[in-house]
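Peer 1: Supplied structure: structure.tsv, TSV, C-alpha atoms.
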chain	number	residue	atom	x	y	z
A	251	MET	CA	-77.66	39.39	-58.54
A	252	GLN	CA	-76.84	39.21	-54.85
A	253	TYR	CA	-79.40	39.77	-52.15
A	254	TRP	CA	-79.09	40.84	-48.56
A	255	ILE	CA	-81.82	39.54	-46.33
A	256	ASN	CA	-83.23	40.56	-43.03
A	257	HIS	CA	-85.59	37.95	-41.74
A	258	ARG	CA	-87.15	38.40	-38.32
A	259	GLY	CA	-84.27	40.58	-37.22
A	260	VAL	CA	-81.58	38.21	-38.45
A	261	GLN	CA	-79.43	39.55	-41.23
A	262	SER	CA	-77.76	37.45	-43.88
A	263	GLY	CA	-76.27	37.80	-47.29
A	264	PRO	CA	-75.05	38.41	-49.83
A	265	VAL	CA	-76.67	35.34	-51.36
A	266	GLU	CA	-77.52	34.41	-54.91
A	267	LEU	CA	-81.09	33.84	-55.97
A	268	ASP	CA	-80.67	30.05	-55.82
A	269	ALA	CA	-79.49	30.16	-52.23
A	270	LEU	CA	-82.25	32.57	-51.33
A	271	LYS	CA	-84.84	30.01	-52.44
A	272	GLU	CA	-83.46	27.52	-49.94
A	273	MET	CA	-83.61	29.85	-46.99
A	274	GLY	CA	-87.23	29.21	-46.06
A	275	LEU	CA	-88.10	32.89	-45.94
A	276	THR	CA	-91.52	34.20	-45.13
A	277	SER	CA	-93.32	37.27	-46.33
A	278	ALA	CA	-92.05	39.03	-43.21
A	279	ALA	CA	-88.55	39.19	-44.67
A	280	TYR	CA	-86.90	42.35	-45.89
A	281	VAL	CA	-84.59	42.29	-48.88
A	282	TRP	CA	-82.03	44.61	-50.35
A	283	HIS	CA	-79.93	44.39	-53.49
A	284	GLU	CA	-77.74	46.86	-55.30
A	285	GLY	CA	-79.83	49.48	-57.01
A	286	LEU	CA	-82.54	49.60	-54.36
A	287	SER	CA	-82.67	52.78	-52.37
A	288	ASP	CA	-83.80	51.05	-49.22
A	289	TRP	CA	-84.84	47.72	-47.77
A	290	VAL	CA	-88.09	46.50	-49.24
A	291	LYS	CA	-90.44	43.80	-48.13
A	292	ILE	CA	-89.79	40.60	-49.98
A	293	THR	CA	-93.36	40.76	-51.28
A	294	GLN	CA	-92.52	43.91	-53.22
A	295	LEU	CA	-89.93	42.34	-55.48
A	296	PRO	CA	-91.61	40.67	-58.47
A	297	GLU	CA	-88.63	38.39	-59.17
A	298	LEU	CA	-88.96	36.85	-55.70
A	299	GLN	CA	-92.66	36.02	-55.97
A	300	GLY	CA	-93.44	32.56	-54.70
A	301	LEU	CA	-90.05	32.08	-53.05
A	302	TYR	CA	-91.36	32.70	-49.57
A	303	GLU	CA	-94.16	31.53	-47.36
A	304	MET	CA	-97.01	33.91	-46.70
A	305	VAL	CA	-97.41	34.74	-43.02
A	306	ASN	CA	-99.21	37.33	-41.06
A	307	ASP	CA	-96.39	39.64	-40.09
A	308	THR	CA	-98.11	41.89	-37.57
A	309	PRO	CA	-95.33	41.69	-35.01
A	310	ALA	CA	-93.01	43.54	-37.38
A	311	PRO	CA	-91.57	46.50	-35.52
A	312	GLN	CA	-93.40	49.69	-36.21
A	313	GLN	CA	-90.28	51.53	-37.27
A	314	ALA	CA	-89.56	49.07	-39.99
A	315	THR	CA	-93.05	49.36	-41.38
A	316	THR	CA	-92.90	53.13	-41.49
A	317	ALA	CA	-89.57	53.13	-43.20
A	318	THR	CA	-90.66	50.68	-45.84
A	319	ALA	CA	-93.81	52.59	-46.55
A	320	GLN	CA	-91.85	55.78	-47.10
A	321	ALA	CA	-88.93	54.34	-48.89
A	322	GLN	CA	-90.42	54.29	-52.34
A	323	PRO	CA	-91.50	57.89	-52.91
A	324	GLN	CA	-88.39	59.06	-51.14
A	325	GLY	CA	-85.95	57.05	-53.19
A	326	GLY	CA	-87.70	57.82	-56.45
A	327	ASN	CA	-87.87	61.57	-56.16
A	328	GLU	CA	-84.76	62.55	-54.37
A	329	PRO	CA	-81.63	60.70	-55.38
A	330	ALA	CA	-79.71	63.13	-53.22
A	331	VAL	CA	-80.92	61.46	-50.05
A	332	MET	CA	-80.50	57.96	-51.33
A	333	GLY	CA	-77.57	57.39	-49.04
A	334	GLN	CA	-79.63	58.15	-45.99
A	335	PRO	CA	-81.54	54.90	-45.60
A	336	TYR	CA	-78.32	52.97	-45.12
A	337	GLN	CA	-77.23	55.10	-42.22
A	338	PRO	CA	-75.51	52.90	-39.74
A	339	GLN	CA	-77.84	52.64	-36.82
A	340	GLN	CA	-75.50	54.27	-34.33
A	341	GLN	CA	-75.85	57.55	-36.21
A	342	SER	CA	-78.64	59.17	-34.29
A	343	ASN	CA	-78.04	62.85	-35.03
A	344	ASN	CA	-80.03	63.05	-38.23
A	345	GLN	CA	-83.40	64.73	-38.13
A	346	SER	CA	-86.37	63.16	-39.83
A	347	GLN	CA	-84.38	60.49	-41.63
A	348	GLN	CA	-83.69	58.88	-38.31
A	349	GLN	CA	-86.59	56.47	-38.75
A	350	TYR	CA	-84.69	54.77	-41.54
A	351	ALA	CA	-82.00	53.70	-39.14
A	352	GLN	CA	-84.04	50.77	-37.94
A	353	PRO	CA	-82.35	48.62	-35.37
A	354	GLN	CA	-82.50	45.51	-37.50
A	355	THR	CA	-81.32	46.87	-40.83
A	356	PRO	CA	-77.85	45.70	-41.64
A	357	ASP	CA	-75.21	48.05	-42.94
A	358	GLU	CA	-74.61	48.73	-46.57
A	359	PRO	CA	-71.17	47.30	-47.33
A	360	CYS	CA	-68.51	49.93	-47.04
A	361	PRO	CA	-67.03	50.88	-50.40
A	362	PRO	CA	-63.39	49.83	-50.72
A	363	THR	CA	-61.03	52.40	-49.23
A	364	ASN	CA	-58.17	51.24	-51.48
A	365	LEU	CA	-55.83	52.12	-48.67
A	366	VAL	CA	-53.63	49.08	-49.29
A	367	TRP	CA	-53.09	50.06	-52.90
A	368	ALA	CA	-52.48	53.67	-52.00
A	369	ILE	CA	-49.81	52.68	-49.48
A	370	LEU	CA	-48.19	50.16	-51.80
A	371	ALA	CA	-48.26	52.65	-54.67
A	372	THR	CA	-46.61	55.26	-52.48
A	373	VAL	CA	-43.89	52.99	-51.21
A	374	LEU	CA	-43.22	51.12	-54.44
A	375	CYS	CA	-44.27	53.15	-57.44
A	376	CYS	CA	-41.93	56.05	-57.24
A	377	ILE	CA	-44.46	58.69	-58.01
A	378	PRO	CA	-46.15	60.34	-55.07
A	379	PHE	CA	-49.68	60.03	-56.46
A	380	GLY	CA	-50.31	57.32	-53.89
A	381	ILE	CA	-50.32	59.99	-51.18
A	382	VAL	CA	-53.44	61.54	-52.70
A	383	GLY	CA	-54.92	58.04	-52.71
A	384	ILE	CA	-54.25	57.78	-48.97
A	385	ILE	CA	-56.02	61.07	-48.33
A	386	TYR	CA	-59.09	59.86	-50.22
A	387	ALA	CA	-58.95	56.46	-48.52
A	388	ASN	CA	-59.29	58.33	-45.28
A	389	LYS	CA	-62.30	60.17	-46.65
A	390	VAL	CA	-63.99	56.88	-47.55
A	391	SER	CA	-64.04	55.52	-44.03
A	392	LYS	CA	-64.90	58.91	-42.58
A	393	CYS	CA	-67.90	59.36	-44.87
A	394	TYR	CA	-68.98	55.77	-44.31
A	395	LEU	CA	-68.92	56.00	-40.54
A	396	ALA	CA	-70.88	59.24	-40.78
A	397	GLY	CA	-73.54	57.43	-42.81
A	398	ASP	CA	-72.72	59.19	-46.06
A	399	ILE	CA	-72.59	56.26	-48.47
A	400	ILE	CA	-72.68	58.42	-51.60
A	401	GLY	CA	-69.72	60.45	-50.40
A	402	ALA	CA	-67.87	57.29	-49.42
A	403	LYS	CA	-68.43	55.78	-52.86
A	404	LYS	CA	-67.17	58.91	-54.57
A	405	ALA	CA	-64.08	59.08	-52.40
A	406	SER	CA	-63.51	55.35	-52.99
A	407	GLU	CA	-63.49	55.91	-56.75
A	408	THR	CA	-61.21	58.91	-56.48
A	409	SER	CA	-58.71	57.03	-54.36
A	410	ALA	CA	-58.81	54.12	-56.82
A	411	TRP	CA	-58.05	56.46	-59.71
A	412	TRP	CA	-55.05	57.97	-57.95
A	413	CYS	CA	-53.68	54.51	-57.20
A	414	ILE	CA	-54.21	53.47	-60.82
A	415	ALA	CA	-52.53	56.68	-62.00
A	416	ALA	CA	-49.54	55.98	-59.77
A	417	ILE	CA	-49.25	52.40	-61.00
A	418	VAL	CA	-49.74	53.28	-64.69
A	419	VAL	CA	-47.14	56.04	-64.52
A	420	GLY	CA	-44.82	53.64	-62.75
A	421	VAL	CA	-45.26	50.97	-65.42
A	422	VAL	CA	-45.10	53.34	-68.41
A	423	TRP	CA	-42.03	54.92	-66.92
A	424	ARG	CA	-40.10	51.68	-66.89
A	425	PRO	CA	-39.04	51.52	-70.59
A	426	LEU	CA	-38.76	55.30	-70.77
A	427	SER	CA	-36.41	55.39	-67.85
A	428	MET	CA	-34.15	52.76	-69.36
A	429	SER	CA	-34.00	54.49	-72.73
A	430	PHE	CA	-32.53	57.69	-71.42
A	431	MET	CA	-30.94	56.79	-68.15
A	432	GLY	CA	-29.37	53.43	-68.75
A	433	ILE	CA	-28.78	52.79	-65.08
A	434	GLY	CA	-31.33	51.60	-62.54
B	183	MET	CA	-67.51	34.32	-58.31
B	184	ARG	CA	-65.55	32.04	-56.02
B	185	ARG	CA	-63.70	30.33	-58.84
B	186	ALA	CA	-62.78	33.65	-60.44
B	187	LEU	CA	-61.39	34.80	-57.11
B	188	VAL	CA	-59.26	31.69	-56.76
B	189	VAL	CA	-57.90	32.12	-60.30
B	190	ILE	CA	-57.03	35.74	-59.60
B	191	ILE	CA	-55.31	34.84	-56.35
B	192	VAL	CA	-53.28	32.12	-58.07
B	193	ILE	CA	-52.22	34.51	-60.85
B	194	VAL	CA	-51.26	37.17	-58.34
B	195	ILE	CA	-49.21	34.72	-56.27
B	196	ALA	CA	-47.48	33.40	-59.41
B	197	GLY	CA	-46.73	36.96	-60.50
B	198	LEU	CA	-45.36	37.84	-57.09
B	199	MET	CA	-43.15	34.74	-57.09
B	200	LEU	CA	-41.79	35.62	-60.53
B	201	LEU	CA	-41.13	39.21	-59.44
B	202	GLY	CA	-39.54	37.93	-56.26
B	203	ARG	CA	-37.26	35.68	-58.28
B	204	ILE	CA	-36.19	38.63	-60.46
B	205	TYR	CA	-35.61	40.93	-57.52
B	206	TYR	CA	-33.73	38.21	-55.72
B	207	ALA	CA	-31.38	37.45	-58.61
B	208	LEU	CA	-30.68	40.92	-59.98
B	209	ASP	CA	-29.37	43.84	-57.99
B	210	PRO	CA	-31.29	47.01	-58.89
B	211	ALA	CA	-28.28	49.04	-57.76
B	212	SER	CA	-26.14	47.76	-60.61
B	213	SER	CA	-28.51	46.30	-63.19
B	214	ALA	CA	-30.02	48.37	-65.98
B	215	ALA	CA	-33.16	46.24	-66.05
B	216	PHE	CA	-34.80	48.26	-63.30
B	217	PRO	CA	-36.49	51.61	-63.72
B	218	ARG	CA	-35.08	54.63	-62.03
B	219	CYS	CA	-37.51	56.69	-60.01
B	220	ALA	CA	-39.48	59.07	-62.23
B	221	PHE	CA	-39.75	61.66	-59.48
B	222	LEU	CA	-36.02	61.56	-58.77
B	223	THR	CA	-35.17	61.84	-62.44
B	224	LEU	CA	-37.51	64.74	-63.07
B	225	THR	CA	-36.96	66.76	-59.91
B	226	GLY	CA	-33.66	65.60	-58.50
B	227	TYR	CA	-35.38	64.88	-55.17
B	228	LYS	CA	-36.06	61.45	-53.75
B	229	CYS	CA	-39.65	60.30	-53.44
B	230	PRO	CA	-40.98	58.26	-50.48
B	231	GLY	CA	-40.54	55.08	-52.53
B	232	CYS	CA	-36.96	55.61	-53.68
B	233	GLY	CA	-34.74	52.70	-52.76
B	234	SER	CA	-37.61	50.26	-52.38
B	235	GLN	CA	-36.34	48.08	-55.24
B	236	ARG	CA	-32.89	47.86	-53.71
B	237	ALA	CA	-34.50	47.30	-50.31
B	238	ILE	CA	-36.53	44.40	-51.68
B	239	HIS	CA	-33.43	42.91	-53.28
B	240	ALA	CA	-31.55	43.21	-50.00
B	241	LEU	CA	-34.46	41.76	-48.08
B	242	LEU	CA	-34.80	38.77	-50.39
B	243	ASN	CA	-31.10	38.13	-49.93
B	244	GLY	CA	-31.48	38.26	-46.17
B	245	ASP	CA	-29.73	41.56	-45.58
B	246	VAL	CA	-32.27	43.30	-43.36
B	247	ALA	CA	-29.94	46.09	-42.27
B	248	ALA	CA	-29.16	47.08	-45.84
B	249	ALA	CA	-32.84	46.94	-46.72
B	250	PHE	CA	-33.64	49.28	-43.86
B	251	GLY	CA	-30.92	51.62	-45.07
B	252	TYR	CA	-32.31	51.73	-48.60
B	253	ASN	CA	-35.87	52.49	-47.64
B	254	ALA	CA	-36.94	52.58	-44.00
B	255	MET	CA	-40.48	53.50	-45.04
B	256	LEU	CA	-40.92	50.05	-46.53
B	257	PHE	CA	-40.64	48.59	-43.02
B	258	ILE	CA	-42.83	51.19	-41.42
B	259	SER	CA	-45.63	50.44	-43.87
B	260	VAL	CA	-45.62	46.66	-43.33
B	261	PRO	CA	-47.92	46.74	-40.27
B	262	TRP	CA	-50.26	49.10	-42.10
B	263	VAL	CA	-50.40	46.93	-45.16
B	264	ALA	CA	-51.07	43.86	-43.02
B	265	LEU	CA	-53.87	45.66	-41.19
B	266	CYS	CA	-55.44	46.82	-44.45
B	267	LEU	CA	-55.27	43.37	-46.00
B	268	PHE	CA	-57.00	41.93	-42.96
B	269	ALA	CA	-59.62	44.68	-43.16
B	270	GLU	CA	-60.16	43.83	-46.81
B	271	THR	CA	-61.30	40.32	-45.84
B	272	GLN	CA	-63.96	41.85	-43.60
B	273	ARG	CA	-65.39	44.37	-46.05
B	274	VAL	CA	-68.58	42.64	-47.14
B	275	ARG	CA	-69.28	40.54	-44.11
B	276	ASN	CA	-68.45	43.09	-41.50
B	277	PRO	CA	-68.64	46.56	-43.06
B	278	ARG	CA	-68.51	48.57	-39.85
B	279	LEU	CA	-65.46	46.71	-38.61
B	280	TYR	CA	-63.90	47.34	-42.01
B	281	ALA	CA	-64.48	51.07	-41.75
B	282	ARG	CA	-63.24	51.05	-38.15
B	283	LEU	CA	-60.03	49.36	-39.19
B	284	HIS	CA	-59.28	52.46	-41.22
B	285	PRO	CA	-59.64	55.03	-38.48
B	286	SER	CA	-58.74	58.56	-39.47
B	287	ILE	CA	-56.11	58.81	-36.76
B	288	LEU	CA	-54.14	55.87	-38.12
B	289	ILE	CA	-54.37	57.12	-41.68
B	290	TRP	CA	-53.33	60.65	-40.76
B	291	LEU	CA	-50.48	59.24	-38.70
B	292	PHE	CA	-49.32	57.22	-41.66
B	293	LEU	CA	-49.63	60.22	-43.94
B	294	ALA	CA	-47.63	62.36	-41.52
B	295	LEU	CA	-44.96	59.65	-41.33
B	296	ILE	CA	-44.70	59.48	-45.11
B	297	LEU	CA	-44.50	63.24	-45.53
B	298	ALA	CA	-41.91	63.53	-42.74
B	299	TRP	CA	-39.94	60.67	-44.24
B	300	TRP	CA	-40.11	62.31	-47.66
B	301	LEU	CA	-38.84	65.63	-46.31
B	302	LEU	CA	-36.17	64.26	-44.00
B	303	ARG	CA	-34.67	61.83	-46.47
B	304	ASN	CA	-34.08	64.69	-48.88
B	305	ILE	CA	-32.50	66.85	-46.17
B	306	PHE	CA	-30.27	64.17	-44.69
B	307	ASN	CA	-29.89	62.13	-47.85
B	308	TRP	CA	-31.23	58.89	-46.31
Mind converting the file's structure to structure tokens?
Peer 2:
Amino acid sequence: MQYWINHRGVQSGPVELDALKEMGLTSAAYVWHEGLSDWVKITQLPELQGLYEMVNDTPAPQQATTATAQAQPQGGNEPAVMGQPYQPQQQSNNQSQQQYAQPQTPDEPCPPTNLVWAILATVLCCIPFGIVGIIYANKVSKCYLAGDIIGAKKASETSAWWCIAAIVVGVVWRPLSMSFMGIG
Amino acid sequence: MRRALVVIIVIVIAGLMLLGRIYYALDPASSAAFPRCAFLTLTGYKCPGCGSQRAIHALLNGDVAAAFGYNAMLFISVPWVALCLFAETQRVRNPRLYARLHPSILIWLFLALILAWWLLRNIFNW
């Protein structure tokens, strides 16, 4: 499992568990890994017990504390808003969820747009499915920059499927084409 | 993780070199070993990728003008592909930069270019 770490405002990661042990973290650190709906304090993850030094973390910014306190009920009950906590911090137009966009939280990695594959499929694969892939690739980055990670992930998958479809059709077509055309 | 990535990259490079060798040696215009475009066969119209095999053959043999004549879109997409590949290296480390490297305007522009190219090549038989 890979962890992203935010320790005293400094973000790092992804790191493996072994590397995390070596980082000299304190209990003031925040951690995120895939599957978590929001950043959590390192003290809240049972598998990381004892891998950090206990400190009194009063100077932690108030925003961060609020967000962490609310993250759990929020993430558990309403999967629909799960994407919200990752909102890139520049997005300031969102009502009450705004407090999640803490200045020191790093961004959730952007899902792959698959734009390269879509373009290559279009130009090389001889079946215009790649064009649909390009349209969805566009949607990925648009959703991501708007803070909609769920939407970006969906669009990323859709664009990947169109690219795969284009490539599979292109490959399957190869023997077929030779059997009844003869000429390339 | 790292080792798997290296293995994949090596396999991909080897595959590309093999493909390059084939496309260099055989001319898709006269050899039966290359597939004909599915879209062209089914509809009678050229797709945006038609001619890319011949273009690659021409390119590998150093005939840039002929390559451009076979499929101009191949050239137009090179800067885009390069940009996207660079963006790909930034995805995990620098997610916002990654997303910014795929700005809507650029993607729509590329899409418009492809669609225009698709239409025009069928009208003027490029």
Peer 1: Between atom CA of Leu297 of chain B and atom CA of Ala405 of chain A, what is the distance in Å, rounded to a tenth?
Peer 2: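 Calculated distance between atom CA of Leu297 of chain B and atom CA of Ala405 of chain A is 21.2 Å.
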Peer 1: Set the cut-off to 9 Å and count only C-alpha atoms: what are the residues of chain A that reach chain B? Output as a CSV table (one decimal) with C-alpha atoms, in the frame of the given file.
Peer 2:
chain,number,residue,atom,x,y,z
A,263,GLY,CA,-76.3,37.8,-47.3
A,264,PRO,CA,-75.0,38.4,-49.8
A,338,PRO,CA,-75.5,52.9,-39.7
A,357,ASP,CA,-75.2,48.0,-42.9
A,358,GLU,CA,-74.6,48.7,-46.6
A,359,PRO,CA,-71.2,47.3,-47.3
A,360,CYS,CA,-68.5,49.9,-47.0
A,361,PRO,CA,-67.0,50.9,-50.4
A,362,PRO,CA,-63.4,49.8,-50.7
A,363,THR,CA,-61.0,52.4,-49.2
A,364,ASN,CA,-58.2,51.2,-51.5
A,365,LEU,CA,-55.8,52.1,-48.7
A,366,VAL,CA,-53.6,49.1,-49.3
A,367,TRP,CA,-53.1,50.1,-52.9
A,369,ILE,CA,-49.8,52.7,-49.5
A,370,LEU,CA,-48.2,50.2,-51.8
A,371,ALA,CA,-48.3,52.6,-54.7
A,372,THR,CA,-46.6,55.3,-52.5
A,373,VAL,CA,-43.9,53.0,-51.2
A,374,LEU,CA,-43.2,51.1,-54.4
A,375,CYS,CA,-44.3,53.2,-57.4
A,376,CYS,CA,-41.9,56.0,-57.2
A,377,ILE,CA,-44.5,58.7,-58.0
A,378,PRO,CA,-46.2,60.3,-55.1
A,381,ILE,CA,-50.3,60.0,-51.2
A,384,ILE,CA,-54.2,57.8,-49.0
A,385,ILE,CA,-56.0,61.1,-48.3
A,387,ALA,CA,-59.0,56.5,-48.5
A,388,ASN,CA,-59.3,58.3,-45.3
A,389,LYS,CA,-62.3,60.2,-46.6
A,390,VAL,CA,-64.0,56.9,-47.6
A,391,SER,CA,-64.0,55.5,-44.0
A,392,LYS,CA,-64.9,58.9,-42.6
A,394,TYR,CA,-69.0,55.8,-44.3
A,395,LEU,CA,-68.9,56.0,-40.5
A,419,VAL,CA,-47.1,56.0,-64.5
A,420,GLY,CA,-44.8,53.6,-62.8
A,421,VAL,CA,-45.3,51.0,-65.4
A,423,TRP,CA,-42.0,54.9,-66.9
A,424,ARG,CA,-40.1,51.7,-66.9
A,425,PRO,CA,-39.0,51.5,-70.6
A,426,LEU,CA,-38.8,55.3,-70.8
A,427,SER,CA,-36.4,55.4,-67.8
A,428,MET,CA,-34.2,52.8,-69.4
A,431,MET,CA,-30.9,56.8,-68.2
A,432,GLY,CA,-29.4,53.4,-68.8
A,433,ILE,CA,-28.8,52.8,-65.1
A,434,GLY,CA,-31.3,51.6,-62.5
Peer 1: Work out how far apart atom CA of Phe250 of chain B and atom CA of Phe306 of chain B are and give it in Å to one decimal.
Peer 2: 15.3 Å
Peer 1: Mind giving me the straight-line distance from atom CA of Thr293 of chain A to atom CA of Ser277 of chain A in Å, one decimal?
Peer 2: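 Between these atoms lies a distance of 6.1 Å.
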Peer 1: Find the spatial neighbours of Gln299 of chain A, counting all atoms listed in the file, within a cut-off of 12 Å - ignore same-chain residues fewer than 2 positions away - and output them as a list in words.
Peer 2: Leu267, Leu270, Lys271, Leu275, Thr276, Ser277, Lys291, Ile292, Thr293, Gln294, Leu295, Pro296, Glu297, Leu301, Tyr302, Glu303 and Met304 of chain A
Peer 1: So, with only C-alpha atoms as the atoms that count, which of A:Ser409, A:Lys404, A:Ala396, A:Trp289 lies closest to Val382 of chain A?
Peer 2: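 Between A:Ser409, A:Lys404, A:Ala396, A:Trp289, the residue approaching Val382 of chain A most closely is A:Ser409.
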Peer 1: Leaving out Leu201 of chain B and any residue of its chain fewer than 4 positions from it, which residues lie within 12 Å of it when counting all atoms listed in the file, given as a ChimeraX atom specification?
Peer 2: /B:194-197,205-208,216,235,238-239,242
